[in-house]
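K.L.:
Structure provided below as structure tokens; questions to follow.
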Amino acid sequence: MRYYVRYMDDFMLLHRDKAELWRLLAEIRDFLAYELRLNLNNKTRVFPASHGVDFAGYRHWASHKLPRKRNVRRARKRFFAGLSRCYAAGVSIWIPCAAAWPALWAT
């Protein structure tokens, strides 16, 4: 196996041959079931890496990575809720990095 990535209880395998990945998946399932009495969850799948890999909070491609959309939406929601609370409490806020504002409104 040439590429293997693991973080906590998640892992992914990368290989050029899809048939080899299916073979490895079966071998891993058997090992987990018979040796450790564990099962892979239903999110386990084989797909082209060009679709992007959702792993450890990010979508990864060969050329770049982006945070998950749901994480961006949640962060934006928390940010604006905090801003609203500060405004309601009469707190003045100055944000020096105004260039970031258009990115907050995107998506």
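If you're wondering about the labels, chains in the structure tokens are A, B, ... by order shown, residues count from 1 in each chain, ligands from 1 in order shown.
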Leaving out stretch 25-27 of chain A and any residue of its chain fewer than 2 positions from it, which residues lie within 12 Å of it when counting only C-alpha atoms, given as a compact mmCIF listing (two decimals) with C-alpha atoms, in the first residue's frame?

P.N.:
```txt
# COMPACT_ATOMS: atom_id res chain seq x y z
CA PHE A 11 -8.29 6.24 8.00
CA MET A 12 -8.12 6.31 4.22
CA LEU A 13 -6.19 4.39 1.61
CA LEU A 14 -5.15 5.78 -1.76
CA HIS A 15 -4.32 3.56 -4.69
CA LYS A 18 -9.90 0.42 -7.76
CA ALA A 19 -9.95 -3.40 -7.70
CA GLU A 20 -7.02 -3.37 -5.28
CA LEU A 21 -8.90 -0.99 -2.99
CA TRP A 22 -11.93 -3.30 -2.97
CA ARG A 23 -9.64 -6.24 -2.14
CA ARG A 29 -13.35 -5.82 7.13
CA ASP A 30 -12.43 -9.46 7.75
CA PHE A 31 -9.58 -8.55 10.08
CA LEU A 32 -11.72 -6.13 12.08
CA ALA A 33 -14.62 -8.56 12.32
CA TYR A 34 -12.72 -11.75 13.17
CA GLU A 35 -9.70 -10.47 15.08
CA ASN A 39 -17.17 -3.25 12.11
CA LEU A 40 -16.60 -0.42 9.66
CA THR A 44 -17.00 3.38 4.19
CA ARG A 45 -16.73 3.52 0.40
CA VAL A 46 -14.43 3.42 -2.60
```

K.L.:
Output as a list in words all residues of chain A that backbone DSSP marks as strand (DSSP E).

P.N.:
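The strand (DSSP E) residues within chain A come out as Tyr3, Tyr4, Val5, Arg6, Tyr7, Asp10, Phe11, Met12, Leu13, Leu14, Val53, Asp54, Phe55, Tyr58, Arg59, His60, Lys65, Leu66 and Pro67 of chain A.
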
K.L.:
When DSSP is applied to the backbone of this structure, which of stretch 9-40 of chain A are assigned alpha helix (DSSP H)? Write them out as a list in words.

P.N.:
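Result set for stretch 9-40 of chain A (alpha helix (DSSP H)): Lys18, Ala19, Glu20, Leu21, Trp22, Arg23, Leu24, Leu25, Ala26, Glu27, Ile28, Arg29, Asp30 and Phe31 of chain A.
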
K.L.:
Excluding stretch 65-78 of chain A and its own-chain neighbours fewer than 2 positions away, which residues fall within 10 Å of it when counting only C-alpha atoms? Please give them as a PDB file with C-alpha atoms, in the first residue's frame.

P.N.:
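Done, and the output landed in selection_15.pdb:
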```pdb
ATOM      1  CA  GLY A  52     -12.572  15.204  -3.103  1.00  0.00           C
ATOM      2  CA  VAL A  53     -12.106  13.346   0.163  1.00  0.00           C
ATOM      3  CA  ASP A  54     -14.029  14.425   3.262  1.00  0.00           C
ATOM      4  CA  PHE A  55     -11.505  13.784   6.036  1.00  0.00           C
ATOM      5  CA  ALA A  56     -10.755  15.382   9.424  1.00  0.00           C
ATOM      6  CA  GLY A  57     -12.997  18.418   8.923  1.00  0.00           C
ATOM      7  CA  TYR A  58     -11.866  19.285   5.399  1.00  0.00           C
ATOM      8  CA  ARG A  59     -12.556  18.313   1.779  1.00  0.00           C
ATOM      9  CA  HIS A  60      -9.197  17.347   0.280  1.00  0.00           C
ATOM     10  CA  TRP A  61      -8.238  17.360  -3.408  1.00  0.00           C
ATOM     11  CA  ALA A  62      -4.821  16.791  -4.931  1.00  0.00           C
ATOM     12  CA  SER A  63      -4.287  20.521  -5.405  1.00  0.00           C
ATOM     13  CA  PHE A  80     -22.904  36.936  13.465  1.00  0.00           C
ATOM     14  CA  ALA A  81     -24.763  35.816  16.620  1.00  0.00           C
ATOM     15  CA  GLY A  82     -21.860  37.104  18.709  1.00  0.00           C
ATOM     16  CA  LEU A  83     -21.782  40.327  16.728  1.00  0.00           C
ATOM     17  CA  SER A  84     -25.516  40.798  17.328  1.00  0.00           C
ATOM     18  CA  LEU A 104     -18.133  35.875   5.126  1.00  0.00           C
ATOM     19  CA  TRP A 105     -21.091  36.685   2.891  1.00  0.00           C
ATOM     20  CA  THR A 107     -21.874  30.787   0.054  1.00  0.00           C
TER      21      THR A 107
END
```
